[in-house]
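**Q** As input, take start.txt (compact mmCIF, C-alpha atoms and all ligand atoms):
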```txt
# COMPACT_ATOMS: atom_id res chain seq x y z
CA MET A 30 19.74 -6.28 -5.77
CA GLU A 31 20.81 -3.04 -4.15
CA PHE A 32 19.58 -1.84 -0.76
CA ILE A 33 19.11 1.58 0.75
CA ALA A 34 19.20 1.74 4.55
CA PHE A 35 15.96 3.35 5.72
CA THR A 36 15.30 5.08 9.00
CA TYR A 37 13.18 7.85 10.49
CA VAL A 38 13.68 10.30 13.28
CA GLY A 39 11.57 12.63 15.37
CA ASN A 40 8.27 12.66 17.19
CA PHE A 41 4.73 13.45 16.32
CA ILE A 42 1.52 14.06 18.26
CA SER A 43 0.75 10.38 17.79
CA GLU A 44 3.55 7.80 17.67
CA GLY A 45 1.16 5.20 16.24
CA LEU A 46 0.09 7.40 13.36
CA ILE A 47 3.58 8.47 12.41
CA LYS A 48 4.59 4.82 12.25
CA GLU A 49 1.63 4.07 10.03
CA VAL A 50 2.60 6.89 7.67
CA VAL A 51 6.31 6.01 7.60
CA PHE A 52 5.83 2.27 7.09
CA ASP A 53 3.04 2.57 4.55
CA VAL A 54 5.28 4.82 2.49
CA PHE A 55 8.20 2.41 2.99
CA ASP A 56 6.04 -0.52 1.77
CA GLU A 57 4.62 1.45 -1.14
CA ALA A 58 8.08 2.47 -2.32
CA ASN A 59 9.32 -1.13 -2.18
CA ARG A 60 6.18 -2.29 -3.98
CA PHE A 61 6.82 0.31 -6.66
CA PHE A 62 10.39 -0.99 -7.22
CA ASP A 63 9.22 -4.58 -7.19
CA GLU A 64 6.33 -4.11 -9.63
CA ASN A 65 8.49 -2.09 -11.98
CA ASP A 66 11.42 -4.51 -11.92
CA VAL A 67 13.86 -2.05 -10.38
CA PRO A 68 16.47 -4.08 -8.43
CA LEU A 69 16.32 -1.74 -5.46
CA ARG A 70 14.75 -2.05 -2.00
CA PHE A 71 14.59 -0.07 1.20
CA LEU A 72 15.94 -1.94 4.20
CA TYR A 73 14.64 -0.75 7.56
CA VAL A 74 17.49 -0.32 10.02
CA GLY A 75 15.54 0.92 13.04
CA LYS A 76 14.40 4.29 14.28
CA LEU A 77 17.17 6.81 14.68
CA ARG A 78 17.71 8.26 18.13
CA LEU A 79 19.25 11.67 18.49
CA GLU A 80 20.61 13.08 21.70
CA PRO A 81 18.44 16.00 22.91
CA GLY A 82 21.67 18.00 23.27
CA TYR A 83 21.68 18.55 19.52
CA LEU A 84 18.37 20.47 19.56
CA ILE A 85 18.50 24.12 18.68
CA ASP A 86 15.86 26.89 18.67
CA ILE A 87 14.90 28.31 15.31
CA TYR A 88 12.79 31.43 15.02
CA THR A 89 10.34 31.41 12.13
CA GLN A 90 7.27 33.32 11.04
CA GLU A 91 5.22 30.64 12.77
CA GLY A 92 7.08 31.17 16.01
CA LYS A 93 9.88 29.32 17.74
CA ILE A 94 10.50 25.71 16.78
CA ARG A 95 12.92 23.17 18.20
CA ALA A 96 14.88 21.37 15.54
CA TYR A 97 18.04 19.44 14.88
CA PRO A 98 20.65 21.12 12.74
CA LEU A 99 21.21 19.26 9.55
CA GLU A 100 24.94 19.04 10.07
CA ALA A 101 24.47 16.99 13.25
CA LEU A 102 21.88 14.77 11.61
CA VAL A 103 24.13 14.00 8.63
CA ASP A 104 26.95 13.02 11.02
CA VAL A 105 24.70 10.60 12.90
CA LEU A 106 23.34 9.10 9.67
CA HIS A 107 26.80 8.62 8.25
CA ALA A 108 27.88 6.74 11.37
CA LYS A 109 24.68 4.66 11.25
CA LEU A 110 25.27 3.69 7.62
CA LEU A 111 28.88 2.70 8.28
CA HIS A 112 27.68 0.51 11.12
CA GLU A 113 24.95 -1.14 9.00
CA ILE A 114 27.40 -1.85 6.18
CA GLU A 115 29.73 -3.53 8.66
CA GLU A 116 26.87 -5.62 10.01
CA ARG A 117 25.81 -6.76 6.55
CA PRO A 118 28.91 -7.36 4.44
CA ASP A 119 26.98 -9.68 2.11
CA ILE A 120 24.62 -7.08 0.61
CA LYS A 121 25.17 -4.11 -1.65
CA MET A 122 24.30 -0.93 0.23
CA ASP A 123 25.99 2.46 0.10
CA LYS A 124 23.07 4.82 0.74
CA ILE A 125 20.94 5.79 3.71
CA PHE A 126 17.57 7.53 3.58
CA ALA A 127 16.02 9.25 6.58
CA LEU A 128 12.59 10.78 7.00
CA THR A 129 12.35 13.42 9.70
CA THR A 130 9.16 14.63 11.34
CA PHE A 131 10.74 18.05 11.94
CA PRO A 132 11.67 20.69 9.37
CA LEU A 133 15.23 20.59 8.12
CA VAL A 134 17.29 23.49 9.25
CA SER A 135 20.88 24.49 8.97
CA ARG A 136 22.84 27.57 9.89
CA ASN A 137 21.17 29.32 6.99
CA PRO A 138 18.01 31.31 7.74
CA TYR A 139 14.79 29.37 7.70
CA PHE A 140 14.15 27.83 4.31
CA ASP A 141 11.20 29.01 2.28
CA PHE A 142 8.58 26.52 1.07
CA TYR A 143 10.32 25.59 -2.14
CA GLU A 144 13.63 24.86 -0.46
CA ARG A 145 12.05 23.20 2.53
CA PHE A 146 10.35 20.82 0.18
CA LEU A 147 13.62 19.60 -1.25
CA GLY A 148 15.49 16.80 0.38
CA ILE A 149 19.11 17.06 1.39
CA HIS A 150 21.82 14.93 -0.18
CA GLU A 151 25.36 14.59 0.94
CA THR A 152 28.08 12.24 -0.24
CA ARG A 153 30.85 11.21 2.12
CA LEU A 154 33.61 8.95 0.88
CA GLY A 155 31.29 7.40 -1.67
CA LEU A 156 28.41 6.97 0.79
CA ARG A 157 25.19 8.82 0.06
CA ILE A 158 23.15 10.36 2.86
CA MET A 159 19.61 11.46 1.98
CA VAL A 160 17.27 13.30 4.31
CA LEU A 161 13.70 14.33 3.63
CA SER A 162 11.46 16.21 6.04
CA MET A 163 7.87 15.01 6.25
CA LYS A 164 6.79 18.41 7.53
CA PRO A 165 6.08 20.24 4.25
CA PHE A 166 3.88 17.32 3.11
CA GLU A 167 1.72 17.26 6.21
CA PRO A 168 -1.82 18.53 5.61
CA PRO A 169 -2.35 21.40 8.07
CA GLU A 170 -5.67 19.97 9.26
CA LEU A 171 -4.01 16.75 10.44
CA SER A 172 -2.82 17.99 13.82
CA VAL A 173 -6.09 19.89 14.36
CA LEU A 174 -8.09 16.70 13.74
CA LEU A 175 -5.83 14.66 16.01
CA ARG A 176 -6.30 17.12 18.84
CA GLU A 177 -10.02 17.22 18.24
CA LEU A 178 -10.31 13.43 18.28
CA ALA A 179 -8.32 13.25 21.50
CA GLY A 180 -10.78 15.67 23.15
CA GLU A 181 -14.17 15.19 24.72
CA ASN A 182 -16.54 15.95 21.86
CA PRO A 183 -15.06 15.32 18.45
CA ALA A 184 -17.22 16.67 15.64
CA ASN A 185 -19.17 14.30 13.41
CA GLY A 186 -17.07 12.98 10.58
CA SER A 187 -13.73 13.83 12.23
CA LYS A 188 -12.56 10.24 11.97
CA GLU A 189 -13.28 10.12 8.25
CA ARG A 190 -11.56 13.46 7.75
CA LEU A 191 -8.53 12.19 9.67
CA ARG A 192 -8.35 9.10 7.42
CA ALA A 193 -8.53 11.25 4.28
CA SER A 194 -5.89 13.58 5.65
CA LEU A 195 -3.55 10.66 6.45
CA GLU A 196 -3.98 9.19 2.97
CA LEU A 197 -3.15 12.55 1.42
CA PHE A 198 -0.07 12.81 3.65
CA LYS A 199 1.14 9.36 2.55
CA ALA A 200 0.52 10.02 -1.15
CA ARG A 201 2.49 13.29 -1.01
CA LEU A 202 5.31 11.72 0.93
CA LEU A 203 5.65 8.70 -1.36
CA LYS A 204 6.17 11.05 -4.30
CA GLY A 205 8.74 12.97 -2.26
CA VAL A 206 10.59 9.74 -1.45
CA LEU A 207 10.61 8.64 -5.11
CA HIS A 208 11.86 12.12 -6.05
CA GLU A 209 14.82 11.88 -3.67
CA ILE A 210 15.63 8.33 -4.78
CA GLY A 211 15.72 9.68 -8.32
CA HIS A 212 18.31 12.27 -7.27
CA GLY A 213 20.17 9.53 -5.39
CA PHE A 214 20.74 7.81 -8.73
CA GLY A 215 21.69 10.92 -10.65
CA LEU A 216 18.31 12.04 -12.03
CA GLU A 217 17.68 15.74 -12.42
CA HIS A 218 14.40 17.64 -12.49
CA CYS A 219 12.18 17.18 -15.52
CA ASN A 220 9.13 18.97 -16.98
CA ASN A 221 6.74 16.05 -17.36
CA ASP A 222 3.96 14.64 -15.20
CA CYS A 223 6.57 12.95 -13.05
CA VAL A 224 7.85 12.92 -9.46
CA MET A 225 11.08 14.48 -10.79
CA ASN A 226 9.19 17.62 -11.79
CA SER A 227 9.52 19.68 -8.61
CA PRO A 228 6.40 21.71 -7.85
CA SER A 229 5.97 25.34 -6.90
CA SER A 230 3.04 24.55 -4.62
CA ILE A 231 1.69 21.59 -2.71
CA GLU A 232 -1.46 21.61 -4.90
CA GLU A 233 0.73 21.10 -7.93
CA TRP A 234 2.43 18.22 -6.14
CA ASP A 235 -0.95 16.62 -5.41
CA SER A 236 -1.77 16.66 -9.11
CA ARG A 237 1.40 14.73 -10.10
CA LEU A 238 1.25 11.04 -10.92
CA PRO A 239 2.95 8.88 -8.26
CA GLY A 240 5.74 7.66 -10.52
CA TYR A 241 8.39 8.58 -13.06
CA CYS A 242 7.84 9.64 -16.66
CA ASP A 243 9.24 7.23 -19.27
CA SER A 244 12.55 9.00 -19.72
CA CYS A 245 13.21 9.39 -15.98
CA PHE A 246 12.19 5.79 -15.36
CA ILE A 247 14.56 4.42 -17.99
CA ARG A 248 17.37 6.55 -16.59
CA LEU A 249 16.65 5.42 -13.03
CA LYS A 250 16.49 1.75 -13.94
CA ARG A 251 19.75 1.92 -15.86
CA ALA A 252 21.45 3.81 -13.05
CA VAL A 253 20.31 1.24 -10.46
CA GLU A 254 21.32 -1.70 -12.65
CA TRP A 255 24.71 -0.20 -13.40
CA SER A 256 25.39 1.28 -9.98
CA GLY A 257 28.63 0.07 -8.46
CA PHE A 258 29.54 -1.68 -11.70
CA ASP A 259 33.16 -0.96 -12.46
CA PRO A 260 34.09 -1.86 -16.05
CA GLN A 261 37.81 -1.73 -15.12
CA GLN A 262 37.39 -4.87 -13.08
CA GLU A 263 35.68 -6.95 -15.74
ZN ZN A 301 14.67 17.70 -6.53
ZN ZN A 302 10.47 12.74 -15.42
```
Any chance you could put this one into structure tokens?
Ligand SMILES: [Zn+2]
Ligand SMILES: [Zn+2]
**A**
Amino acid sequence: MEFIAFTYVGNFISEGLIKEVVFDVFDEANRFFDENDVPLRFLYVGKLRLEPGYLIDIYTQEGKIRAYPLEALVDVLHAKLLHEIEERPDIKMDKIFALTTFPLVSRNPYFDFYERFLGIHETRLGLRIMVLSMKPFEPPELSVLLRELAGENPANGSKERLRASLELFKARLLKGVLHEIGHGFGLEHCNNDCVMNSPSSIEEWDSRLPGYCDSCFIRLKRAVEWSGFDPQQE
């Protein structure tokens, strides 16, 4: 069995709801690996804390946002993974996966939708750092509904709409997580009804099945089973 250290970072209007989204997706991903006999599991290593000093202002079409530069985040994640590996010498783990509630930014100008959607991968001395922003998957009505429900007179049906919006958020995010895991094990984009087929719009993403096509799945399973296996040593 191989493990991927799992963490999340950032804040949301509601801390309780973000936890629900993050941990439901975490559980669903592990269930997917379990049910499909993939010897891979996420291992939660705690919420990541970033020093506020890292925050920078980014100017976008939607106005100013506060965000962490990717470079700083990757540094912190690398250090976290090294620490976790040291703490757990008995398990196989050389990857860390982080969900962020904020958009991913770097010194480049603000990413457009397509690029924002993609996760970030970086390899440092054989350790893989994966970061995926939850932001592009968030249904726009979610924060509106949350504010409405926190107010005096929420409209009829707001609670039901919030539930539906949260479920949509989780479904989108799970596919995004599976997509990045695929890349983490060397998969490239494909053209099938598959999480490895990257979409040009969020509607297209919603129409995708929450899993891999046969050829991507076989490749993933082989890559996981063979990962870290060094024939020289046999
Ligand atoms: Zn991709
Ligand atoms: Zn595929």
**Q** Give me, as a PyMOL selection string, all polymer residues having an atom no more than 7 Å from Leu171 of chain A, counting all atoms listed in the file and skipping those fewer than 4 positions away in the same chain.
**A** chain A and resi 175+191+194
**Q** Separation of atom CA of Ile149 of chain A and atom CA of Thr130 of chain A, in Å?
**A** 14.3 Å
**Q** I need the residue nearest Val50 of chain A from this list: A:Asn182, A:Thr129, A:Ser230, A:Thr152. Use only C-alpha atoms for the distance.
**A**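 Among the listed residues, the smallest separation from Val50 of chain A belongs to A:Thr129.
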**Q** Quote the spacing between atom CA of Val224 of chain A and atom CA of Phe32 of chain A in Å to one decimal place.
**A**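 Atom-to-atom, atom CA of Val224 of chain A to atom CA of Phe32 of chain A, that is 20.8 Å.
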**Q** Tell me which protein, DNA and RNA residues are within 7 Å of segment 161-165 of chain A, counting all atoms listed in the file, leaving out same-chain ones fewer than 5 positions away, and put them as an NGL selection string.
**A** :A and (127-133 or 145-146 or 148-149 or 202)
**Q** Contacts between ligand ZN 302 (chain A) and chain A, please, where a residue of chain A counts if it comes within 9 Å (with only C-alpha atoms and all ligand atoms); show its shortest atom pair and distance in Å to one decimal, rows by chain and ascending number, as a tab-separated table.
**A**
```
residue	atom	partner	partner_atom	distance
A:Leu216	CA	A:ZN302	ZN	8.6
A:Glu217	CA	A:ZN302	ZN	8.4
A:His218	CA	A:ZN302	ZN	6.9
A:Cys219	CA	A:ZN302	ZN	4.8
A:Asn220	CA	A:ZN302	ZN	6.6
A:Asn221	CA	A:ZN302	ZN	5.4
A:Asp222	CA	A:ZN302	ZN	6.8
A:Cys223	CA	A:ZN302	ZN	4.6
A:Val224	CA	A:ZN302	ZN	6.5
A:Met225	CA	A:ZN302	ZN	5.0
A:Asn226	CA	A:ZN302	ZN	6.2
A:Gly240	CA	A:ZN302	ZN	8.5
A:Tyr241	CA	A:ZN302	ZN	5.2
A:Cys242	CA	A:ZN302	ZN	4.3
A:Asp243	CA	A:ZN302	ZN	6.8
A:Ser244	CA	A:ZN302	ZN	6.1
A:Cys245	CA	A:ZN302	ZN	4.4
A:Phe246	CA	A:ZN302	ZN	7.2
```
